[in-house]
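Trainee: If it helps, the file is called entry-v1.cif and holds mmCIF, C-alpha atoms:
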data_structure
loop_
_atom_site.label_atom_id
_atom_site.label_comp_id
_atom_site.auth_asym_id
_atom_site.auth_seq_id
_atom_site.Cartn_x
_atom_site.Cartn_y
_atom_site.Cartn_z
CA MET A 1066 37.28 127.73 129.66
CA ARG A 1067 36.85 124.20 128.35
CA ILE A 1068 39.27 121.41 127.53
CA GLY A 1069 38.04 118.87 124.99
CA TYR A 1070 39.38 115.40 125.82
CA MET A 1071 39.22 112.75 123.14
CA ASN A 1072 37.62 109.59 124.47
CA CYS A 1073 40.27 106.93 124.12
CA ASN A 1074 38.61 103.80 125.47
CA SER A 1075 35.37 105.20 126.91
CA LYS A 1076 33.80 108.41 128.17
CA LYS A 1077 33.79 107.06 131.73
CA GLU A 1078 37.50 106.28 131.61
CA THR A 1079 38.30 109.70 130.09
CA LEU A 1080 36.48 111.53 132.89
CA GLN A 1081 38.10 109.37 135.54
CA ARG A 1082 41.59 109.95 134.16
CA PHE A 1083 41.48 113.62 133.30
CA LYS A 1084 39.28 115.30 135.89
CA PRO A 1085 42.06 115.40 138.52
CA LEU A 1086 44.55 116.77 135.96
CA THR A 1087 42.02 119.42 134.94
CA ARG A 1088 41.47 120.39 138.58
CA TYR A 1089 45.25 120.72 138.95
CA LEU A 1090 45.50 122.96 135.87
CA SER A 1091 42.61 125.08 137.20
CA GLN A 1092 44.44 125.62 140.49
CA LYS A 1093 47.79 126.25 138.83
CA LEU A 1094 46.47 128.76 136.30
CA GLY A 1095 43.66 130.27 138.39
CA ILE A 1096 41.09 129.44 135.72
CA ASP A 1097 38.04 127.23 136.14
CA PHE A 1098 38.53 124.64 133.40
CA GLU A 1099 35.68 122.36 132.38
CA VAL A 1100 36.24 118.80 131.10
CA VAL A 1101 34.47 118.07 127.82
CA PRO A 1102 34.66 114.39 126.76
CA VAL A 1103 34.49 114.08 122.96
CA ASP A 1104 34.18 111.07 120.65
CA THR A 1105 37.09 110.86 118.22
CA GLN A 1106 34.99 111.11 115.07
CA ASP A 1107 33.21 114.22 116.37
CA PHE A 1108 36.34 116.06 117.46
CA PRO A 1109 37.17 118.18 114.38
CA GLU A 1110 33.56 119.30 113.94
CA ARG A 1111 33.03 120.18 117.60
CA PHE A 1112 36.36 122.03 117.79
CA ALA A 1113 35.51 124.01 114.66
CA ALA A 1114 32.16 124.87 116.26
CA GLY A 1115 34.03 126.47 119.16
CA GLU A 1116 32.93 124.01 121.84
CA PHE A 1117 36.32 124.06 123.63
CA GLU A 1118 39.47 126.15 123.72
CA PHE A 1119 42.09 123.52 124.58
CA THR A 1120 42.35 120.02 123.14
CA HIS A 1121 43.72 116.68 124.26
CA THR A 1122 43.74 114.24 121.37
CA ASN A 1123 45.73 111.58 119.63
CA SER A 1124 48.46 112.90 117.34
CA LEU A 1125 46.47 112.37 114.12
CA ILE A 1126 43.58 114.48 115.38
CA TYR A 1127 46.14 117.12 116.39
CA LEU A 1128 47.41 117.04 112.81
CA ILE A 1129 43.89 117.45 111.40
CA LEU A 1130 43.09 120.36 113.73
CA HIS A 1131 46.47 121.95 113.03
CA GLU A 1132 45.97 121.77 109.25
CA GLU A 1133 42.32 122.83 109.28
CA ASN A 1134 42.15 125.24 112.24
CA GLN A 1135 45.80 126.16 112.94
CA LEU A 1136 45.65 124.50 116.38
CA LYS A 1137 48.77 125.36 118.38
CA LEU A 1138 50.95 122.54 119.72
CA LEU A 1139 51.34 122.68 123.51
CA ALA A 1140 52.79 119.46 124.88
CA THR A 1141 53.03 115.79 124.07
CA GLU A 1142 52.18 113.08 126.58
CA LYS A 1143 54.74 110.56 127.79
CA ARG A 1144 53.56 107.03 128.44
CA GLY A 1145 55.25 103.69 128.00
CA ARG A 1146 58.64 102.68 126.71
CA TYR A 1147 58.85 105.22 123.87
CA GLY A 1148 58.12 108.23 126.10
CA SER A 1149 56.38 110.93 124.07
CA ARG A 1150 56.25 108.63 121.05
CA THR A 1151 54.44 105.43 120.24
CA SER A 1152 54.20 102.87 117.46
CA GLY A 1153 51.86 100.36 115.86
CA SER A 1154 52.35 96.59 115.73
CA ILE A 1155 50.90 93.88 113.53
CA ILE A 1156 50.32 90.70 115.52
CA SER A 1157 49.26 87.10 114.96
CA ARG A 1158 48.61 84.26 117.37
CA LYS A 1159 51.69 82.20 118.18
CA GLY A 1160 51.48 78.90 116.35
CA SER A 1161 49.33 80.32 113.57
CA GLY A 1162 52.23 80.12 111.13
CA ILE A 1163 51.73 83.79 110.23
CA LYS A 1164 55.13 85.31 110.82
CA THR A 1165 55.91 87.75 108.03
CA LEU A 1166 54.14 90.58 106.25
CA GLU A 1167 53.99 88.39 103.15
CA ASP A 1168 51.94 85.88 105.16
CA LEU A 1169 49.21 88.53 105.61
CA LYS A 1170 47.92 88.06 102.07
CA GLY A 1171 44.48 86.47 102.05
CA LYS A 1172 44.13 86.61 105.85
CA ARG A 1173 41.37 88.06 108.05
CA MET A 1174 42.57 91.20 109.79
CA ILE A 1175 41.25 93.44 112.55
CA PHE A 1176 42.32 97.08 112.83
CA GLY A 1177 41.76 99.62 115.59
CA PRO A 1178 39.62 102.73 115.03
CA GLN A 1179 40.34 104.48 111.75
CA LEU A 1180 41.62 107.72 113.30
CA ALA A 1181 44.03 105.91 115.62
CA PRO A 1182 47.66 106.68 114.67
CA SER A 1183 49.09 103.54 116.28
CA GLY A 1184 46.02 101.33 115.88
CA PHE A 1185 45.28 101.91 112.21
CA LEU A 1186 47.36 104.48 110.33
CA ALA A 1187 50.84 103.23 111.27
CA GLN A 1188 50.01 99.62 110.32
CA TYR A 1189 48.15 100.61 107.15
CA ASP A 1190 51.19 102.65 106.07
CA LEU A 1191 53.55 99.83 107.05
CA MET A 1192 51.63 97.37 104.89
CA LEU A 1193 51.54 99.71 101.90
CA ASN A 1194 55.29 100.31 102.23
CA ASN A 1195 55.82 96.55 102.07
CA GLY A 1196 53.73 96.02 98.96
CA ILE A 1197 50.55 94.88 100.68
CA ASP A 1198 47.38 96.84 99.95
CA PRO A 1199 44.97 96.34 102.87
CA GLU A 1200 42.08 97.06 100.52
CA THR A 1201 42.86 94.29 98.06
CA ASP A 1202 45.52 91.89 99.37
CA ILE A 1203 43.90 90.59 102.55
CA ALA A 1204 40.68 88.55 102.70
CA TYR A 1205 38.89 91.31 104.62
CA TYR A 1206 39.40 93.64 107.51
CA ALA A 1207 37.15 94.82 110.30
CA ILE A 1208 37.13 97.52 112.97
CA PRO A 1209 35.59 96.64 116.35
CA ALA A 1210 32.57 98.56 117.61
CA GLY A 1211 32.08 100.30 120.96
CA SER A 1212 34.61 101.03 123.66
CA PHE A 1213 38.06 99.53 124.35
CA LYS A 1214 38.66 98.88 120.65
CA HIS A 1215 42.41 98.28 121.02
CA GLU A 1216 41.95 95.53 123.59
CA LYS A 1217 39.24 94.02 121.38
CA VAL A 1218 41.80 93.83 118.57
CA VAL A 1219 44.27 91.97 120.77
CA TYR A 1220 41.63 89.57 122.12
CA GLY A 1221 40.16 89.14 118.63
CA VAL A 1222 43.49 87.68 117.51
CA TYR A 1223 44.08 85.81 120.76
CA PHE A 1224 40.73 83.99 120.55
CA GLY A 1225 41.11 83.28 116.84
CA GLN A 1226 38.30 85.47 115.47
CA PHE A 1227 40.90 87.11 113.24
CA ASP A 1228 44.22 85.89 111.85
CA VAL A 1229 46.08 89.16 112.35
CA GLY A 1230 45.52 92.43 114.17
CA ALA A 1231 46.74 96.03 114.20
CA ALA A 1232 47.49 96.76 117.85
CA PRO A 1233 49.13 99.82 119.38
CA SER A 1234 52.50 98.75 120.77
CA LEU A 1235 51.63 100.64 123.96
CA ASP A 1236 48.53 98.49 124.52
CA LEU A 1237 50.58 95.33 124.06
CA GLU A 1238 53.11 96.67 126.55
CA LEU A 1239 50.47 97.61 129.12
CA MET A 1240 48.43 94.42 128.71
CA THR A 1241 51.61 92.36 129.18
CA ALA A 1242 52.66 94.42 132.19
CA ASP A 1243 49.16 93.93 133.66
CA GLY A 1244 49.33 90.18 133.06
CA LYS A 1245 46.33 90.22 130.69
CA ILE A 1246 48.39 88.62 127.92
CA SER A 1247 51.69 86.82 127.73
CA ALA A 1248 54.55 87.79 125.44
CA ASP A 1249 54.56 84.17 124.28
CA ASP A 1250 50.96 84.39 123.02
CA PHE A 1251 51.74 86.45 119.92
CA ASN A 1252 54.06 86.85 116.98
CA ILE A 1253 54.87 90.49 116.40
CA ILE A 1254 55.05 90.40 112.63
CA ALA A 1255 56.16 94.00 112.23
CA GLU A 1256 56.36 97.26 114.13
CA SER A 1257 56.04 100.71 112.62
CA ALA A 1258 58.30 103.70 113.05
CA ILE A 1259 57.61 105.70 116.20
CA VAL A 1260 55.31 108.72 115.99
CA PRO A 1261 54.24 111.36 118.54
CA TYR A 1262 51.73 110.24 121.19
CA CYS A 1263 48.68 112.07 122.60
CA THR A 1264 48.91 115.83 122.36
CA PHE A 1265 47.58 118.96 124.05
CA GLY A 1266 46.73 121.87 121.76
CA ALA A 1267 45.28 125.37 122.01
CA ARG A 1268 43.09 127.52 119.79
CA LYS A 1269 45.15 129.96 117.76
CA ASP A 1270 43.30 133.06 119.01
CA LEU A 1271 43.89 132.52 122.75
CA ASP A 1272 46.06 134.87 124.81
CA PRO A 1273 49.69 133.81 124.11
CA GLN A 1274 50.55 134.20 127.79
CA LEU A 1275 47.72 131.84 128.76
CA ILE A 1276 48.93 129.31 126.17
CA GLU A 1277 52.48 129.54 127.54
CA ASN A 1278 51.29 129.19 131.15
CA PHE A 1279 49.22 126.13 130.19
CA ARG A 1280 52.19 124.55 128.39
CA LYS A 1281 54.54 125.26 131.28
CA ALA A 1282 52.09 123.82 133.83
CA LEU A 1283 52.04 120.58 131.84
CA VAL A 1284 55.78 120.16 131.20
CA ASP A 1285 56.65 121.15 134.78
CA LEU A 1286 54.41 118.41 136.19
CA THR A 1287 56.36 115.85 138.20
CA LYS A 1288 55.29 112.48 139.56
CA GLU A 1289 55.12 114.02 143.03
CA ASP A 1290 52.62 116.80 142.19
CA ARG A 1291 49.29 116.21 143.93
CA VAL A 1292 45.76 117.57 143.82
CA ASP A 1293 42.74 117.33 146.11
CA PHE A 1294 39.93 115.70 144.19
CA ALA A 1295 36.68 114.05 145.32
CA GLY A 1296 37.85 113.86 148.93
CA GLU A 1297 41.22 112.35 148.08
CA ASN A 1298 44.72 113.74 147.68
CA LEU A 1299 45.82 112.28 144.35
CA LYS A 1300 49.06 112.18 142.43
CA VAL A 1301 48.14 114.07 139.27
CA LEU A 1302 50.15 112.11 136.69
CA ALA A 1303 49.51 108.70 138.20
CA SER A 1304 45.76 109.30 138.33
CA ALA A 1305 45.81 110.13 134.60
CA TRP A 1306 48.10 107.12 133.79
CA ILE A 1307 50.72 109.47 132.38
CA ASP A 1308 54.50 109.59 132.86
CA GLY A 1309 54.82 113.30 132.05
CA TYR A 1310 54.71 115.87 129.26
CA GLU A 1311 57.31 117.04 126.79
CA THR A 1312 57.55 119.95 124.38
CA LEU A 1313 57.89 118.67 120.82
CA GLU A 1314 58.14 120.69 117.63
CA ASP A 1315 55.40 120.60 115.02
CA SER A 1316 58.04 119.20 112.64
CA ASP A 1317 58.26 116.12 114.90
CA TYR A 1318 54.80 115.27 113.51
CA ASP A 1319 56.07 115.22 109.90
CA ILE A 1320 56.45 111.46 110.02
CA LEU A 1321 52.73 111.22 110.73
CA ARG A 1322 52.00 113.62 107.86
CA ARG A 1323 53.90 111.33 105.52
CA MET A 1324 51.95 108.32 106.79
CA ALA A 1325 48.59 110.06 106.40
CA LYS A 1326 49.42 111.12 102.83
CA ASN A 1327 50.60 107.62 101.97
CA ALA A 1328 47.44 106.04 103.39
CA ASN A 1329 45.19 108.71 101.83
CA MET A 1330 43.80 109.68 105.19
CA PRO A 1331 42.69 112.98 106.74
CA PRO A 1332 43.74 115.72 106.62
CA TYR A 1333 45.22 114.86 103.22
CA GLN A 1334 42.51 112.56 101.93
CA GLU A 1335 41.78 112.83 98.22
CA PHE A 1336 38.74 111.33 96.51
CA MET B 933 113.22 76.26 198.58
CA ALA B 934 111.59 75.66 201.97
CA GLY B 935 108.58 73.23 201.95
CA TYR B 936 109.13 72.02 198.38
CA ASP B 937 111.23 69.01 197.52
CA ARG B 938 112.72 68.18 194.15
CA PHE B 939 109.70 66.01 193.23
CA ASP B 940 107.29 68.92 193.84
CA ILE B 941 109.39 71.24 191.67
CA LEU B 942 109.59 68.70 188.83
CA THR B 943 105.84 68.03 189.02
CA GLY B 944 105.11 71.77 189.01
CA CYS B 945 107.35 72.35 185.99
CA ALA B 946 105.73 69.46 184.14
CA LEU B 947 102.25 70.85 184.86
CA LEU B 948 103.36 74.32 183.70
CA VAL B 949 104.73 72.93 180.43
CA CYS B 950 101.52 70.95 179.87
CA GLY B 951 99.38 74.03 180.58
CA LEU B 952 101.41 76.24 178.24
CA SER B 953 101.32 73.60 175.51
CA LEU B 954 97.58 73.29 175.89
CA ALA B 955 97.15 77.07 175.71
CA ILE B 956 99.32 77.29 172.57
CA LEU B 957 97.36 74.49 170.98
CA LEU B 958 94.04 76.18 171.80
CA VAL B 959 95.14 79.58 170.44
CA SER B 960 96.58 78.17 167.21
CA GLY B 961 93.47 75.99 166.75
CA GLN B 962 91.21 79.04 167.05
CA LYS B 963 93.34 80.93 164.53
CA GLU B 964 93.09 78.12 162.02
CA ASN B 965 89.38 77.91 162.65
CA SER B 966 88.77 81.64 162.08
CA THR B 967 90.88 81.59 158.90
CA ALA B 968 88.82 78.66 157.67
CA VAL B 969 85.57 80.55 158.44
CA ALA B 970 86.80 83.58 156.52
CA ILE B 971 87.67 81.44 153.51
CA ASP B 972 84.29 79.73 153.71
CA LYS B 973 82.52 83.11 153.68
CA ALA B 974 84.50 84.32 150.68
CA ILE B 975 83.72 81.11 148.82
CA GLU B 976 80.06 81.36 149.78
CA GLN B 977 79.92 84.93 148.44
CA GLN B 978 81.66 83.89 145.24
CA ILE B 979 79.29 80.96 144.77
CA ALA B 980 76.25 83.17 145.45
CA TYR B 981 77.50 85.78 142.97
CA GLN B 982 78.21 83.17 140.31
CA ALA B 983 74.79 81.62 140.92
CA ARG B 984 73.19 85.03 140.50
CA ILE B 985 75.00 85.59 137.19
CA ASP B 986 73.94 82.14 135.95
CA PHE B 987 70.38 82.81 137.08
CA LEU B 988 70.27 86.16 135.23
CA HIS B 989 71.59 84.52 132.06
CA ARG B 990 68.96 81.78 132.30
CA LEU B 991 66.17 84.23 133.18
CA TYR B 992 66.88 86.60 130.29
CA GLN B 993 67.91 83.92 127.79
CA PRO B 994 64.54 84.11 125.94
CA VAL B 995 65.06 87.87 125.53
CA GLU B 996 68.56 87.36 124.16
CA ALA B 997 67.30 84.62 121.84
CA LEU B 998 64.62 86.93 120.42
CA ARG B 999 67.20 89.69 119.95
CA ALA B 1000 69.49 87.27 118.15
CA GLN B 1001 66.62 86.44 115.77
CA GLY B 1002 66.07 90.14 115.09
CA GLN B 1003 62.74 90.14 116.96
CA SER B 1004 63.37 93.16 119.15
CA SER B 1005 59.65 94.02 119.49
CA SER B 1006 58.96 90.57 120.95
CA ALA B 1007 62.08 90.88 123.12
CA LEU B 1008 60.75 94.13 124.61
CA LEU B 1009 57.41 92.46 125.33
CA LYS B 1010 59.20 89.57 127.02
CA LEU B 1011 61.04 92.10 129.19
CA ASP B 1012 57.67 93.61 130.22
CA GLU B 1013 56.54 90.16 131.25
CA LEU B 1014 59.71 89.45 133.27
CA ALA B 1015 59.46 92.88 134.93
CA ARG B 1016 56.21 91.76 136.54
CA ARG B 1017 58.10 89.14 138.55
CA TYR B 1018 61.40 90.99 138.91
CA PRO B 1019 60.52 94.71 138.85
CA GLN B 1020 63.74 95.82 140.55
CA GLU B 1021 66.11 93.72 138.46
CA ALA B 1022 68.78 95.89 136.88
CA HIS B 1023 69.58 93.43 134.12
CA GLY B 1024 66.15 93.91 132.56
CA GLN B 1025 66.75 97.65 132.56
CA ILE B 1026 70.10 97.16 130.82
CA LEU B 1027 68.57 94.99 128.10
CA GLN B 1028 65.68 97.42 127.64
CA GLY B 1029 68.21 100.27 127.32
CA GLU B 1030 70.27 98.36 124.76
CA ILE B 1031 67.26 97.47 122.58
CA LEU B 1032 65.86 101.01 122.67
CA LEU B 1033 69.27 102.38 121.76
CA GLU B 1034 69.46 100.02 118.77
CA ARG B 1035 66.09 101.38 117.68
CA GLY B 1036 67.18 105.00 118.01
CA VAL B 1037 65.04 105.80 121.06
CA VAL B 1038 67.99 107.48 122.73
CA ALA B 1039 66.53 109.53 125.61
CA GLU B 1040 64.45 106.64 126.93
CA SER B 1041 67.41 104.31 126.50
CA ILE B 1042 69.55 106.60 128.68
CA ASN B 1043 66.84 106.52 131.37
CA HIS B 1044 67.03 102.71 131.46
CA PHE B 1045 70.84 102.69 131.72
CA VAL B 1046 70.62 105.18 134.59
CA ARG B 1047 68.05 103.02 136.42
CA ALA B 1048 70.21 99.92 135.90
CA VAL B 1049 73.40 101.53 137.24
CA ARG B 1050 71.52 102.98 140.22
CA LEU B 1051 70.29 99.49 141.05
CA ASN B 1052 73.59 97.71 140.47
CA GLY B 1053 77.00 99.32 140.05
CA ASP B 1054 78.42 96.13 138.53
CA TYR B 1055 77.37 97.41 135.11
CA VAL B 1056 80.07 100.09 135.21
CA ASP B 1057 82.68 97.84 136.87
CA LYS B 1058 85.06 96.65 134.19
CA LEU B 1059 85.92 93.49 136.15
CA SER B 1060 82.34 92.34 136.61
CA PRO B 1061 80.96 89.64 134.32
CA LEU B 1062 77.87 91.86 134.06
CA SER B 1063 79.91 94.87 132.95
CA ARG B 1064 78.54 97.15 130.23
CA ARG B 1065 81.15 99.77 130.94
CA LYS B 1066 82.38 100.00 127.36
CA GLU B 1067 78.86 100.43 125.94
CA ILE B 1068 77.89 102.99 128.58
CA GLN B 1069 81.13 104.89 127.99
CA GLN B 1070 80.39 104.99 124.25
CA LEU B 1071 76.84 106.15 124.94
CA VAL B 1072 78.06 109.01 127.13
CA ASN B 1073 80.86 110.00 124.75
CA LEU B 1074 78.51 110.11 121.79
CA GLN B 1075 75.33 111.52 123.31
CA LEU B 1076 76.57 114.05 125.85
CA PRO B 1077 77.81 116.59 123.25
CA LEU B 1078 74.63 116.12 121.20
CA PHE B 1079 72.27 116.66 124.12
CA LEU B 1080 74.39 119.57 125.39
CA ALA B 1081 74.03 121.29 122.03
CA ARG B 1082 70.28 120.67 121.96
CA ALA B 1083 69.82 121.87 125.54
CA HIS B 1084 71.85 124.96 124.73
CA LYS B 1085 69.45 125.79 121.90
CA LYS B 1086 66.38 125.08 124.07
CA PRO B 1087 67.30 125.88 127.67
CA GLN B 1088 63.65 125.72 128.78
CA ASN B 1089 63.16 122.15 127.60
CA LEU B 1090 62.95 120.09 130.79
CA ALA B 1091 63.03 116.75 128.97
CA LEU B 1092 66.43 117.63 127.52
CA GLN B 1093 67.65 118.75 130.95
CA ASN B 1094 66.52 115.46 132.47
CA THR B 1095 68.35 113.46 129.82
CA LEU B 1096 71.47 115.54 130.42
CA THR B 1097 71.20 114.86 134.16
CA GLY B 1098 71.09 111.15 133.35
CA LEU B 1099 74.16 111.38 131.13
CA TYR B 1100 76.09 113.29 133.79
CA TYR B 1101 75.13 110.64 136.32
CA LEU B 1102 76.48 107.87 134.08
CA GLN B 1103 79.63 109.91 133.46
CA SER B 1104 80.23 110.30 137.19
CA ARG B 1105 79.72 106.57 137.83
CA LEU B 1106 82.16 105.73 135.04
CA ALA B 1107 84.66 108.07 136.71
CA GLY B 1108 84.30 106.12 139.93
CA GLY B 1109 81.79 108.30 141.72
CA CYS B 1110 79.37 106.71 144.17
CA GLU B 1111 75.67 107.20 144.77
#
Could you rewrite the structure in this file as structure tokens?
Mentor:
Amino acid sequence: MRIGYMNCNSKKETLQRFKPLTRYLSQKLGIDFEVVPVDTQDFPERFAAGEFEFTHTNSLIYLILHEENQLKLLATEKRGRYGSRTSGSIISRKGSGIKTLEDLKGKRMIFGPQLAPSGFLAQYDLMLNNGIDPETDIAYYAIPAGSFKHEKVVYGVYFGQFDVGAAPSLDLELMTADGKISADDFNIIAESAIVPYCTFGARKDLDPQLIENFRKALVDLTKEDRVDFAGENLKVLASAWIDGYETLEDSDYDILRRMAKNANMPPYQEF
Amino acid sequence: MAGYDRFDILTGCALLVCGLSLAILLVSGQKENSTAVAIDKAIEQQIAYQARIDFLHRLYQPVEALRAQGQSSSALLKLDELARRYPQEAHGQILQGEILLERGVVAESINHFVRAVRLNGDYVDKLSPLSRRKEIQQLVNLQLPLFLARAHKKPQNLALQNTLTGLYYLQSRLAGGCE
């Protein structure tokens, strides 16, 4: 059996974070799970092609797979101050004079990757809801290339390459906690509503008992659970940088559905 | 009295009176001294406590200022920054809990209040200048029935059970229970 893990910052980081968790799930369920790292853009196509049975993705990809392939919701990841939820922030450099959404007009903006709920969609929706069309009202916007796109957004604003940026609130929180940035460096112009965070899902045709066992193994995980991996005895959640898992309802993702429709994004995109 | 004349007896009595007086003086001096030490300690503790309160107000003043300006996102970020230097400070947990509650992030907010009260019971002491007893009481009164109803509908949901455990903990501390 295979678990497709969406590469968040890089393939290397994904493997490092999720191999111990996968080993734990294998031991708990008595099934030899294989880790399959997948680029975000490729995820829907590779899932549809049957390359993996379980998925670990951001909440927007979950929504796409749920709409298109009836992916079943298993558990939602908890990380950071909002637990199993997260949000998107629009930031500017302190001292730039850009303090309100109105100030965004005519400015240079950097977004996170397009399929990022808290790095693109939430801010895009927030701007539209406040009468600012990102396609016409700002000077231009860009999306960074390569890995660690969210940090590139933050540093892009910090070093003045862009006037404003769309950063996940979680990344701001973690970068501040790590001492990479200071709270005094940025204006947080606006913050979106909170939406579900990264999500585990299962193919619709899998054995229901297996799906339930998988879900239970995740939500029962505590910070003390350990696994032997690569010669070390690791704490499972800590090694994956996760606080825990929670069972949400599919209806908890409705807020994201509304955002995706408003921003004309998949899975509701119309041409 | 054989061998002792009147002069010896008078001298002996005088020495006895002097000795007794000296002993009384010594004992009463020690008493005064120990009372003074006890008062000094109480004052020292009071000064240290007051200094701590003043320090907390100064330390978290930027957070309060951002909250007052309606910039709760920036206030949360400032709390992350302060937590690097003071990770075990209960006051930061209280402020984090209050801001999250204002934003409707109830379960996480309860977690922060629980952490704060575990670290420092002053937050449920109605006489403490740090007291948040009224707010915590309101939180428990309002949220306990709601989370009980949700947990009743979904008994397998561990996240709900954990939040309930937190609410019961706060309830017991409000009722005067100890750790």
Trainee: Run through the PyMOL selection byres ((chain B and resi 1043) around 12) on the given coordinates and return the selected residues as a PyMOL selection string.
Mentor: (chain A and resi 1146-1148) or (chain B and resi 1025-1026+1028-1030+1032-1033+1037-1042+1044-1050+1068+1071+1091-1092+1094-1102)
Trainee: Contacts from chain B to chain A, 8 Å maximum, all atoms listed in the file: show me the residue list as a PyMOL selection string.
Mentor: chain B and resi 1003+1005-1006+1009-1010+1012-1013+1015-1016+1037+1040+1089-1091
Trainee: Taking all atoms listed in the file into account, name the residue in A:Ile1155, A:Leu1136, A:Ile1129, A:Ala1295 that is nearest to Asp1270 (chain A).
Mentor: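 Going through A:Ile1155, A:Leu1136, A:Ile1129, A:Ala1295 one by one, the smallest distance to Asp1270 (chain A) is for A:Leu1136.
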Trainee: Work out how far apart CA of Ala1007 (chain B) and CA of Arg1158 (chain A) are and give it in Å to one decimal.
Mentor: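 Those two atoms sit 16.1 Å apart.
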Trainee: Need the shell around Leu1169 (chain A): protein/DNA/RNA residues with any atom at most 10 Å away, counting all atoms listed in the file. Skip same-chain ones fewer than 5 positions apart. Format as a PyMOL selection string?
Mentor: chain A and resi 1155+1157+1163-1164+1174+1192+1197+1199+1202-1204+1228-1229+1254
Trainee: Emit the selected residues as a PDB file, in the coordinates of the input, including C-alpha atoms.
Mentor:
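So result-v6.pdb came out as:
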ATOM      1  CA  ILE A1155      50.900  93.880 113.530  1.00  0.00           C
ATOM      2  CA  SER A1157      49.260  87.100 114.960  1.00  0.00           C
ATOM      3  CA  ILE A1163      51.730  83.790 110.230  1.00  0.00           C
ATOM      4  CA  LYS A1164      55.130  85.310 110.820  1.00  0.00           C
ATOM      5  CA  MET A1174      42.570  91.200 109.790  1.00  0.00           C
ATOM      6  CA  MET A1192      51.630  97.370 104.890  1.00  0.00           C
ATOM      7  CA  ILE A1197      50.550  94.880 100.680  1.00  0.00           C
ATOM      8  CA  PRO A1199      44.970  96.340 102.870  1.00  0.00           C
ATOM      9  CA  ASP A1202      45.520  91.890  99.370  1.00  0.00           C
ATOM     10  CA  ILE A1203      43.900  90.590 102.550  1.00  0.00           C
ATOM     11  CA  ALA A1204      40.680  88.550 102.700  1.00  0.00           C
ATOM     12  CA  ASP A1228      44.220  85.890 111.850  1.00  0.00           C
ATOM     13  CA  VAL A1229      46.080  89.160 112.350  1.00  0.00           C
ATOM     14  CA  ILE A1254      55.050  90.400 112.630  1.00  0.00           C
TER      15      ILE A1254
END
Trainee: Let me know the centre plus edge lengths, in Å and rounded to one decimal, of a box with edges along x, y and z that contains all listed atoms of region 984-993 of chain B and is padded by 3 Å on every side, as lines of an AutoDock Vina configuration file.
Mentor:
center_x = 70.6
center_y = 84.2
center_z = 134.1
size_x = 14.8
size_y = 10.8
size_z = 18.7
Trainee: Select all residues near (38.6, 123.9, 130.3) (cut-off 8 Å, inclusive, file coordinates), counting all atoms listed in the file, and output them as number ranges by chain.
Mentor: A: 1066-1069, 1087, 1097-1101, 1117-1119
Trainee: Running the PyMOL selection byres ((chain A and resi 1183) around 6) on this model by hand, what would come out? Give it as a ChimeraX atom specification.
Mentor: /A:1152-1153,1181-1182,1184-1185,1187,1233
Trainee: Can you write just those residues out, C-alpha atoms, as an mmCIF file, in the coordinates of the input?
Mentor:
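Below is the file that was written, selection_22.cif:
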data_model
loop_
_atom_site.group_PDB
_atom_site.id
_atom_site.type_symbol
_atom_site.label_atom_id
_atom_site.label_comp_id
_atom_site.auth_asym_id
_atom_site.auth_seq_id
_atom_site.Cartn_x
_atom_site.Cartn_y
_atom_site.Cartn_z
ATOM 1 C CA SER A 1152 54.200 102.870 117.460
ATOM 2 C CA GLY A 1153 51.860 100.360 115.860
ATOM 3 C CA ALA A 1181 44.030 105.910 115.620
ATOM 4 C CA PRO A 1182 47.660 106.680 114.670
ATOM 5 C CA GLY A 1184 46.020 101.330 115.880
ATOM 6 C CA PHE A 1185 45.280 101.910 112.210
ATOM 7 C CA ALA A 1187 50.840 103.230 111.270
ATOM 8 C CA PRO A 1233 49.130 99.820 119.380
#
Trainee: Check which residues satisfy the PyMOL selection byres ((chain A and resi 1214-1224) around 8) in the file shown, then give them as a list in words.
Mentor: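 Listing what the PyMOL selection byres ((chain A and resi 1214-1224) around 8) selects in the shown file: Asn1074, Ile1156, Ser1157, Arg1158, Ile1175, Phe1176, Gly1177, Pro1178, Gly1184, Ile1208, Pro1209, Ala1210, Gly1211, Ser1212, Phe1213, Gly1225, Gln1226, Phe1227, Asp1228, Val1229, Gly1230, Ala1231, Ala1232, Pro1233, Asp1236, Leu1237, Asp1250 and Phe1251 of chain A.
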